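File shown: query_4.cif (mmCIF, C-alpha atoms and all ligand atoms).
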data_protein
#
loop_
_atom_site.label_atom_id
_atom_site.label_comp_id
_atom_site.auth_asym_id
_atom_site.auth_seq_id
_atom_site.Cartn_x
_atom_site.Cartn_y
_atom_site.Cartn_z
CA MET A 1 -5.14 -9.30 -21.36
CA SER A 2 -6.25 -9.92 -17.80
CA PRO A 3 -4.21 -8.74 -14.78
CA ILE A 4 -2.94 -12.28 -14.19
CA ASP A 5 -1.88 -12.60 -17.84
CA ARG A 6 -0.03 -9.28 -17.56
CA VAL A 7 1.83 -10.44 -14.44
CA ARG A 8 2.70 -13.66 -16.24
CA SER A 9 3.91 -11.70 -19.26
CA ILE A 10 6.67 -10.05 -17.18
CA GLU A 11 9.98 -10.87 -18.87
CA TRP A 12 12.49 -11.84 -16.20
CA ARG A 13 16.08 -11.45 -17.36
CA ASN A 14 17.50 -12.74 -14.10
CA THR A 15 16.27 -12.76 -10.50
CA GLU A 16 16.63 -8.95 -10.25
CA ASP A 17 15.94 -7.47 -13.67
CA PHE A 18 12.66 -7.61 -15.50
CA ARG A 19 10.62 -5.76 -18.12
CA LEU A 20 6.95 -4.99 -18.54
CA ASP A 21 5.29 -2.66 -21.07
CA GLY A 22 8.69 -1.56 -22.39
CA ILE A 23 9.86 -0.39 -18.95
CA SER A 24 12.88 -1.98 -17.24
CA TYR A 25 12.70 -2.69 -13.53
CA LYS A 26 15.10 -3.71 -10.80
CA ASN A 27 13.76 -5.77 -7.94
CA ALA A 28 15.37 -4.21 -4.85
CA LEU A 29 14.15 -6.66 -2.22
CA GLY A 30 17.16 -7.04 0.04
CA ARG A 31 18.94 -4.20 -1.81
CA ARG A 32 17.55 -0.98 -0.29
CA ASP A 33 20.46 1.05 -1.70
CA LEU A 34 19.18 0.80 -5.30
CA ARG A 35 17.62 3.91 -6.82
CA THR A 36 15.57 4.53 -9.95
CA ASP A 37 17.67 5.95 -12.78
CA GLU A 38 17.26 6.44 -16.53
CA LYS A 39 17.86 2.72 -17.10
CA ALA A 40 15.48 1.06 -14.63
CA VAL A 41 12.75 1.70 -12.10
CA VAL A 42 13.36 0.22 -8.68
CA ALA A 43 10.55 -1.93 -7.24
CA LEU A 44 10.17 -3.67 -3.91
CA LYS A 45 7.73 -6.27 -5.12
CA ALA A 46 8.33 -9.99 -5.29
CA PRO A 47 6.64 -11.80 -8.21
CA ASP A 48 4.40 -13.79 -5.85
CA PHE A 49 3.06 -10.50 -4.39
CA LEU A 50 2.11 -9.25 -7.83
CA GLU A 51 0.38 -12.57 -8.57
CA LYS A 52 -1.62 -12.28 -5.36
CA TYR A 53 -2.83 -8.80 -6.28
CA ALA A 54 -3.74 -9.96 -9.78
CA GLN A 55 -5.53 -13.09 -8.56
CA ILE A 56 -7.59 -11.38 -5.87
CA LEU A 57 -8.50 -8.37 -8.02
CA GLU A 58 -8.79 -10.29 -11.30
CA ARG A 59 -12.51 -9.65 -11.77
CA GLU A 60 -12.77 -6.35 -9.89
CA LYS A 61 -13.18 -2.82 -11.18
CA VAL A 62 -9.82 -1.15 -10.46
CA ASP A 63 -10.20 2.29 -12.03
CA ASN A 64 -8.96 4.42 -9.14
CA ILE A 65 -5.93 3.39 -7.10
CA VAL A 66 -4.13 5.02 -4.17
CA GLU A 67 -0.70 3.83 -3.10
CA LEU A 68 0.78 5.02 0.21
CA GLY A 69 4.54 4.44 0.17
CA VAL A 70 5.79 4.79 -3.39
CA PHE A 71 9.55 4.63 -2.67
CA GLN A 72 11.27 4.66 -6.10
CA GLY A 73 8.04 4.23 -8.06
CA GLY A 74 8.29 0.58 -9.11
CA SER A 75 5.08 -0.65 -7.56
CA ALA A 76 3.08 2.36 -8.78
CA LEU A 77 4.17 1.73 -12.36
CA LEU A 78 3.62 -2.02 -12.05
CA PHE A 79 0.09 -1.55 -10.66
CA ALA A 80 -0.64 0.84 -13.53
CA SER A 81 0.61 -1.72 -16.07
CA ILE A 82 -1.20 -4.65 -14.48
CA PHE A 83 -4.60 -3.02 -13.74
CA ARG A 84 -4.68 -0.17 -16.30
CA PRO A 85 -6.47 2.21 -13.90
CA LEU A 86 -7.82 5.55 -15.04
CA LYS A 87 -5.87 7.11 -12.19
CA LEU A 88 -3.24 6.04 -9.69
CA VAL A 89 -2.30 8.51 -6.96
CA GLY A 90 0.89 7.77 -5.06
CA VAL A 91 1.96 9.39 -1.79
CA ASP A 92 5.32 9.26 -0.04
CA ILE A 93 7.01 11.19 2.73
CA CYS A 94 10.27 11.16 0.74
CA ASP A 95 11.76 13.87 -1.46
CA PRO A 96 10.98 13.88 -5.18
CA VAL A 97 12.60 11.23 -7.35
CA PRO A 98 13.49 13.15 -10.56
CA ALA A 99 14.43 10.01 -12.55
CA LEU A 100 11.00 8.54 -11.82
CA ASP A 101 9.22 11.77 -12.76
CA LYS A 102 11.09 11.76 -16.09
CA ILE A 103 10.09 8.16 -16.85
CA LEU A 104 6.46 8.91 -15.93
CA SER A 105 6.39 11.95 -18.20
CA GLU A 106 7.90 10.05 -21.14
CA ASN A 107 5.96 6.77 -20.96
CA PRO A 108 2.25 6.37 -21.87
CA ILE A 109 1.66 4.24 -18.78
CA GLY A 110 2.84 7.21 -16.67
CA ARG A 111 -0.04 9.40 -17.83
CA SER A 112 -2.43 7.84 -15.34
CA ILE A 113 -0.02 8.32 -12.40
CA SER A 114 0.35 11.33 -10.08
CA ILE A 115 2.90 11.21 -7.28
CA TYR A 116 2.79 13.46 -4.23
CA TYR A 117 6.12 13.60 -2.42
CA ASN A 118 6.88 15.05 1.03
CA THR A 119 3.47 13.90 2.18
CA SER A 120 2.95 11.73 5.23
CA GLN A 121 0.42 8.96 5.25
CA ASN A 122 -1.19 10.45 8.37
CA ASP A 123 -1.49 14.05 7.14
CA GLU A 124 -5.26 14.18 7.05
CA ALA A 125 -5.65 17.69 5.62
CA LYS A 126 -3.17 17.11 2.81
CA LEU A 127 -4.50 13.66 1.88
CA ASN A 128 -8.08 14.93 1.78
CA GLU A 129 -7.01 17.83 -0.40
CA ILE A 130 -5.18 15.46 -2.78
CA PHE A 131 -8.06 12.98 -2.98
CA SER A 132 -10.63 15.72 -3.60
CA ARG A 133 -8.44 17.23 -6.32
CA GLU A 134 -7.67 13.91 -8.00
CA PHE A 135 -10.90 11.94 -7.57
CA GLY A 136 -13.56 14.57 -6.82
CA THR A 137 -16.50 12.65 -5.41
CA GLU A 138 -15.53 9.38 -7.13
CA ALA A 139 -14.82 6.44 -4.86
CA ILE A 140 -11.48 4.65 -4.82
CA ASP A 141 -11.36 0.98 -5.84
CA LEU A 142 -8.01 -0.07 -4.38
CA ILE A 143 -5.90 1.45 -1.60
CA VAL A 144 -2.46 -0.02 -0.91
CA ASP A 145 -0.60 0.93 2.27
CA ASP A 146 3.07 0.02 1.85
CA ALA A 147 4.37 3.06 3.75
CA SER A 148 5.59 3.19 7.37
CA HIS A 149 4.32 -0.23 8.53
CA LEU A 150 3.80 1.33 11.96
CA TYR A 151 0.60 0.92 13.97
CA PHE A 152 -0.40 4.54 14.57
CA GLU A 153 0.45 5.84 11.10
CA THR A 154 -1.25 2.86 9.45
CA ARG A 155 -4.33 3.30 11.58
CA ALA A 156 -4.47 7.03 10.84
CA SER A 157 -4.28 6.33 7.10
CA PHE A 158 -7.03 3.77 7.43
CA GLU A 159 -9.28 6.31 9.17
CA ILE A 160 -8.55 8.93 6.52
CA CYS A 161 -8.68 6.75 3.39
CA PHE A 162 -11.13 3.93 4.11
CA PRO A 163 -14.25 6.13 3.91
CA ARG A 164 -13.21 6.99 0.33
CA LEU A 165 -13.09 3.33 -0.70
CA ARG A 166 -16.12 2.01 -2.55
CA PRO A 167 -18.12 -0.74 -0.86
CA GLY A 168 -16.59 -3.96 -2.18
CA GLY A 169 -13.29 -2.17 -2.81
CA TYR A 170 -10.01 -3.44 -1.36
CA TYR A 171 -7.73 -1.95 1.29
CA VAL A 172 -4.39 -3.72 1.26
CA ILE A 173 -1.79 -3.47 4.01
CA GLU A 174 1.64 -4.86 3.22
CA ASP A 175 4.28 -6.13 5.64
CA TRP A 176 1.87 -6.09 8.57
CA GLY A 177 3.17 -9.15 10.43
CA TRP A 178 6.68 -8.07 11.45
CA ALA A 179 6.05 -8.52 15.19
CA HIS A 180 5.56 -12.23 14.56
CA TRP A 181 8.20 -12.88 11.91
CA PRO A 182 11.21 -14.96 12.97
CA GLY A 183 14.92 -14.16 12.85
CA GLU A 184 16.08 -10.58 13.01
CA PHE A 185 12.51 -9.33 13.51
CA GLN A 186 12.66 -10.83 17.01
CA THR A 187 15.81 -8.86 17.85
CA THR A 188 16.48 -5.23 18.70
CA SER A 189 18.10 -4.63 15.31
CA ARG A 190 14.89 -3.68 13.46
CA PHE A 191 13.29 -0.26 13.81
CA VAL A 192 9.97 -1.91 14.61
CA HIS A 193 11.33 -3.69 17.68
CA GLN A 194 8.77 -3.50 20.50
CA ARG A 195 6.57 -1.05 18.59
CA ARG A 196 2.87 -1.74 18.83
CA PRO A 197 2.17 -4.72 16.52
CA MET A 198 0.13 -4.04 13.42
CA SER A 199 -1.64 -7.35 14.02
CA GLN A 200 -3.67 -5.62 16.73
CA LEU A 201 -5.15 -3.38 14.07
CA ILE A 202 -5.71 -6.09 11.50
CA MET A 203 -6.93 -8.97 13.65
CA ARG A 204 -9.04 -7.06 16.16
CA GLU A 205 -9.86 -3.45 15.57
CA LEU A 206 -10.90 -3.43 11.94
CA ARG A 207 -13.25 -6.40 12.01
CA GLN A 208 -16.46 -4.44 11.87
CA ALA A 209 -15.50 -2.58 8.70
CA ILE A 210 -14.63 -5.71 6.84
CA GLU A 211 -16.71 -7.70 4.37
CA SER A 212 -13.97 -10.29 4.05
CA ILE A 213 -10.32 -10.48 4.83
CA ARG A 214 -7.56 -12.56 3.27
CA ILE A 215 -4.51 -12.75 5.45
CA PHE A 216 -1.11 -13.84 4.18
CA PRO A 217 2.08 -13.65 6.25
CA ALA A 218 3.22 -10.40 4.67
CA ILE A 219 0.11 -8.92 3.09
CA VAL A 220 -3.54 -8.57 3.98
CA PHE A 221 -6.47 -7.85 1.63
CA ILE A 222 -9.41 -6.21 3.41
CA ARG A 223 -12.64 -5.98 1.45
CA LYS A 224 -14.88 -3.10 2.48
CA GLY A 225 -18.33 -4.11 3.67
CA TRP A 226 -21.54 -2.73 2.21
CA ALA A 227 -22.85 -1.78 5.66
CA THR A 228 -19.76 0.12 6.78
CA PRO A 229 -20.89 3.44 8.22
CA SER A 230 -20.03 6.33 5.96
CA GLY A 231 -18.56 9.63 7.11
CA LYS A 232 -15.69 10.24 9.49
CA LEU A 233 -14.17 7.03 10.74
CA ASN A 234 -12.72 6.34 14.16
CA VAL A 235 -11.42 2.81 14.52
CA ASP A 236 -12.36 2.87 18.23
CA ASP A 237 -16.02 3.22 17.23
CA LEU A 238 -15.79 0.08 15.10
CA TYR A 239 -14.27 -2.02 17.82
CA LEU A 240 -17.05 -2.69 20.31
CA THR A 241 -16.16 -4.84 23.33
CA GLN A 242 -19.36 -4.90 25.44
CA GLY A 243 -17.86 -2.23 27.65
CA ARG A 244 -14.79 -4.26 28.52
CA LYS A 245 -11.29 -3.02 28.00
CA PHE A 246 -9.10 -5.29 25.90
CA GLU A 247 -5.79 -3.57 26.37
CA PHE A 248 -2.69 -4.43 24.43
CA SER A 249 0.04 -5.11 26.95
CA ALA A 250 3.43 -4.36 25.50
CA SER A 251 6.18 -4.98 28.00
CA SER A 252 8.03 -1.76 27.31
CA GLN A 253 7.44 0.95 24.70
CA ASP A 254 3.94 0.91 23.30
CA THR A 255 4.33 3.35 20.51
C1 LIG B 1 8.57 -0.33 1.53
S1 LIG B 1 8.83 1.23 0.79
C2 LIG B 1 7.61 1.25 -0.48
C3 LIG B 1 7.96 0.34 -1.61
C4 LIG B 1 7.12 0.48 -2.85
N1 LIG B 1 5.70 0.41 -2.56
C5 LIG B 1 7.46 -0.66 -3.81
O1 LIG B 1 6.88 -1.75 -3.66
O2 LIG B 1 8.32 -0.45 -4.68
C6 LIG B 1 8.16 2.28 2.01
C7 LIG B 1 8.05 3.74 1.61
O3 LIG B 1 7.19 4.35 2.58
C8 LIG B 1 7.63 5.65 2.81
N2 LIG B 1 7.13 6.09 4.12
C9 LIG B 1 7.60 5.79 5.36
N3 LIG B 1 6.89 6.42 6.30
C10 LIG B 1 5.93 7.12 5.64
C11 LIG B 1 4.89 7.98 6.08
N4 LIG B 1 4.67 8.25 7.37
N5 LIG B 1 4.11 8.54 5.12
C12 LIG B 1 4.31 8.29 3.79
N6 LIG B 1 5.29 7.49 3.33
C13 LIG B 1 6.09 6.91 4.25
C14 LIG B 1 9.14 5.58 2.72
O4 LIG B 1 9.67 6.87 2.39
C15 LIG B 1 9.35 4.53 1.63
O5 LIG B 1 9.57 5.14 0.40
#
Before anything else, please render the file you have as structure tokens.
Amino acid sequence: MSPIDRVRSIEWRNTEDFRLDGISYKNALGRRDLRTDEKAVVALKAPDFLEKYAQILEREKVDNIVELGVFQGGSALLFASIFRPLKLVGVDICDPVPALDKILSENPIGRSISIYYNTSQNDEAKLNEIFSREFGTEAIDLIVDDASHLYFETRASFEICFPRLRPGGYYVIEDWGWAHWPGEFQTTSRFVHQRRPMSQLIMRELRQAIESIRIFPAIVFIRKGWATPSGKLNVDDLYLTQGRKFEFSASSQDT
């Protein structure tokens, strides 16, 4: 079965509950209070997101996956079911989720998954140690950043992880467009209010590293170029401006 066929084989019981590969899931979009338990794994993935992943990566080699921002484990398990990687390494700053660990240890699909809790997406030393332990010198095929959604943390992860991506591999950043979304995102009620927009990173600073980019309102697929310099990455070195300064001008906090 291809990744798209697997996404389409998801059995939806109602708008929240679904099953894939014998595992029950709860879609927690709009319900952040839900937690994984022995009955169901909580996922924050809408069906159209999963389709996008499957469509764009349909013909790609997806043996090694990294997911930053695992939450309750739903997306990690879904990616493992849809792409059947040899290894999926998940990282989250949160405390361990024992119910998820139990499901991973009991289900065959969990054998390819290792989760590292209490780990920040910008902890360079720890991430490098994890990647070396898990992948050795092998390149990563797909990196998904669904963690903080903040500019500096996202940029730090990109600098740490992108060099480990194979040329032609995909770096995906979810929920990048919040500064430009309508409704409550334009009010002070969201934690991202007046933080530095992620669009600065996506639309301007990363251009030189990119073979191609597919931008959707809430998700961006960045394909790594073949000529991207290897070795330590500093986004500032990618973003040449003929000596001019193109400053972001946030009216208040620029954090
Ligand atoms: C949107 S949720 C991830 C949802 C999950 N990928 C899914 O689709 O089911 C974001 C997660 O990122 C984690 N997170 C936030 N800041 C982080 C950071 N600096 N480093 C690592 N994880 C972080 C949070 O603890 C939370 O679990």
Residues at most 7 Å from Ala156 in chain A, counting all atoms listed in the file, excluding those fewer than 4 positions away in the same chain, as a PyMOL selection string?
chain A and resi 122+152+160
*asked:* Set the distance at 10 Å and use only C-alpha atoms: which residues neighbour range 6-17 of chain A once local chain neighbours fewer than 6 positions away are removed? I'd like the list as number ranges by chain.
replied: A: 24-29, 31, 40-43, 46-48, 50-55, 78-79, 81-83
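Residues in contact with ligand LIG 1 (chain B) (atom pairs separated by at most 7 Å; all atoms listed in the file) are Val42, Ala43, Leu44, Lys45, Leu68, Gly69, Val70, Phe71, Gln72, Gly73, Gly74, Ser75, Val91, Asp92, Ile93, Cys94, Thr119, Ser120, Gln121, Asn122, Asp146, Ala147, Ser148 and Glu153 of chain A.
Shortest separation to Ala227 in chain A among A:Arg111, A:Arg19, A:Arg133, A:Arg166 occurs at residue A:Arg166, atoms counted being only C-alpha atoms.
By only C-alpha atoms, and with residues fewer than 5 positions from Glu60 in chain A along its chain excluded, the set lying at most 9 Å from it is Asp141, Gly168 and Gly169 of chain A.
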Quick one: residues within 12 Å of Phe135 in chain A, only C-alpha atoms, excluding same-chain residues fewer than 3 positions away - as a VMD selection string? chain A and resid 63 to 66 86 to 89 114 127 to 132 138 to 141 164 to 165
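Separating CA of Glu134 in chain A from CA of Ala209 in chain A is a distance of 24.7 Å.
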Between A:Gln200, A:Thr187, A:Ser157, A:Asn118, smallest distance to Glu67 in chain A by all atoms listed in the file belongs to A:Ser157
Among A:Val97, A:Arg84, A:Ala76, A:Arg204, Ile143 in chain A is approached most closely, using all atoms listed in the file, by A:Ala76
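The two atoms in question, CA of Ile213 in chain A and CA of Glu184 in chain A, are spaced 27.6 Å apart.
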Review point. Can you tell me, as a ChimeraX atom specification, what residues are no more than 10 Å from Thr228 in chain A when counting all atoms listed in the file, ignoring any on the same chain fewer than 4 positions away?
Key: /A:162-163,167,208-211,224,233,238
Since the input has fewer atoms than a full residue there, write range 19-43 of chain A out with N, CA and C atoms, as a tab-separated table (two decimals), in the coordinates of the input.
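And here is the file that came out, rebuild37.tsv:
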chain	number	residue	atom	x	y	z
A	19	ARG	N	11.23	-6.79	-17.26
A	19	ARG	CA	10.62	-5.76	-18.12
A	19	ARG	C	9.13	-6.01	-18.25
A	20	LEU	N	8.39	-4.91	-18.27
A	20	LEU	CA	6.95	-4.99	-18.54
A	20	LEU	C	6.56	-3.71	-19.25
A	21	ASP	N	5.75	-3.83	-20.31
A	21	ASP	CA	5.29	-2.66	-21.07
A	21	ASP	C	6.43	-1.76	-21.52
A	22	GLY	N	7.56	-2.35	-21.87
A	22	GLY	CA	8.69	-1.56	-22.39
A	22	GLY	C	9.47	-0.83	-21.31
A	23	ILE	N	9.13	-1.05	-20.03
A	23	ILE	CA	9.86	-0.39	-18.95
A	23	ILE	C	10.74	-1.44	-18.24
A	24	SER	N	11.97	-1.08	-17.96
A	24	SER	CA	12.88	-1.98	-17.24
A	24	SER	C	12.78	-1.70	-15.74
A	25	TYR	N	12.79	-2.78	-14.99
A	25	TYR	CA	12.70	-2.69	-13.53
A	25	TYR	C	13.87	-3.41	-12.89
A	26	LYS	N	14.15	-2.99	-11.64
A	26	LYS	CA	15.10	-3.71	-10.80
A	26	LYS	C	14.38	-4.06	-9.52
A	27	ASN	N	14.39	-5.34	-9.19
A	27	ASN	CA	13.76	-5.77	-7.94
A	27	ASN	C	14.76	-5.54	-6.81
A	28	ALA	N	14.41	-4.64	-5.87
A	28	ALA	CA	15.37	-4.21	-4.85
A	28	ALA	C	15.13	-4.89	-3.51
A	29	LEU	N	14.36	-5.97	-3.49
A	29	LEU	CA	14.15	-6.66	-2.22
A	29	LEU	C	15.51	-7.12	-1.70
A	30	GLY	N	15.85	-6.71	-0.50
A	30	GLY	CA	17.16	-7.04	0.04
A	30	GLY	C	18.28	-6.13	-0.46
A	31	ARG	N	17.94	-5.14	-1.28
A	31	ARG	CA	18.94	-4.20	-1.81
A	31	ARG	C	18.38	-2.78	-1.70
A	32	ARG	N	18.21	-2.27	-0.48
A	32	ARG	CA	17.55	-0.98	-0.29
A	32	ARG	C	18.35	0.22	-0.80
A	33	ASP	N	19.62	-0.06	-1.22
A	33	ASP	CA	20.46	1.05	-1.70
A	33	ASP	C	20.15	1.40	-3.16
A	34	LEU	N	19.42	0.54	-3.87
A	34	LEU	CA	19.18	0.80	-5.30
A	34	LEU	C	18.22	1.98	-5.49
A	35	ARG	N	18.47	2.76	-6.52
A	35	ARG	CA	17.62	3.91	-6.82
A	35	ARG	C	17.20	3.89	-8.29
A	36	THR	N	16.03	4.43	-8.56
A	36	THR	CA	15.57	4.53	-9.95
A	36	THR	C	16.50	5.48	-10.71
A	37	ASP	N	16.88	5.06	-11.93
A	37	ASP	CA	17.67	5.95	-12.78
A	37	ASP	C	17.11	5.86	-14.19
A	38	GLU	N	17.83	6.42	-15.16
A	38	GLU	CA	17.26	6.44	-16.53
A	38	GLU	C	17.14	5.05	-17.12
A	39	LYS	N	17.86	4.08	-16.52
A	39	LYS	CA	17.86	2.72	-17.10
A	39	LYS	C	16.73	1.84	-16.54
A	40	ALA	N	16.45	1.99	-15.25
A	40	ALA	CA	15.48	1.06	-14.63
A	40	ALA	C	14.78	1.69	-13.43
A	41	VAL	N	13.54	1.26	-13.25
A	41	VAL	CA	12.75	1.70	-12.10
A	41	VAL	C	12.90	0.66	-11.00
A	42	VAL	N	13.16	1.13	-9.80
A	42	VAL	CA	13.36	0.22	-8.68
A	42	VAL	C	12.02	-0.14	-8.04
A	43	ALA	N	11.80	-1.44	-7.84
A	43	ALA	CA	10.55	-1.93	-7.24
A	43	ALA	C	10.87	-2.83	-6.06
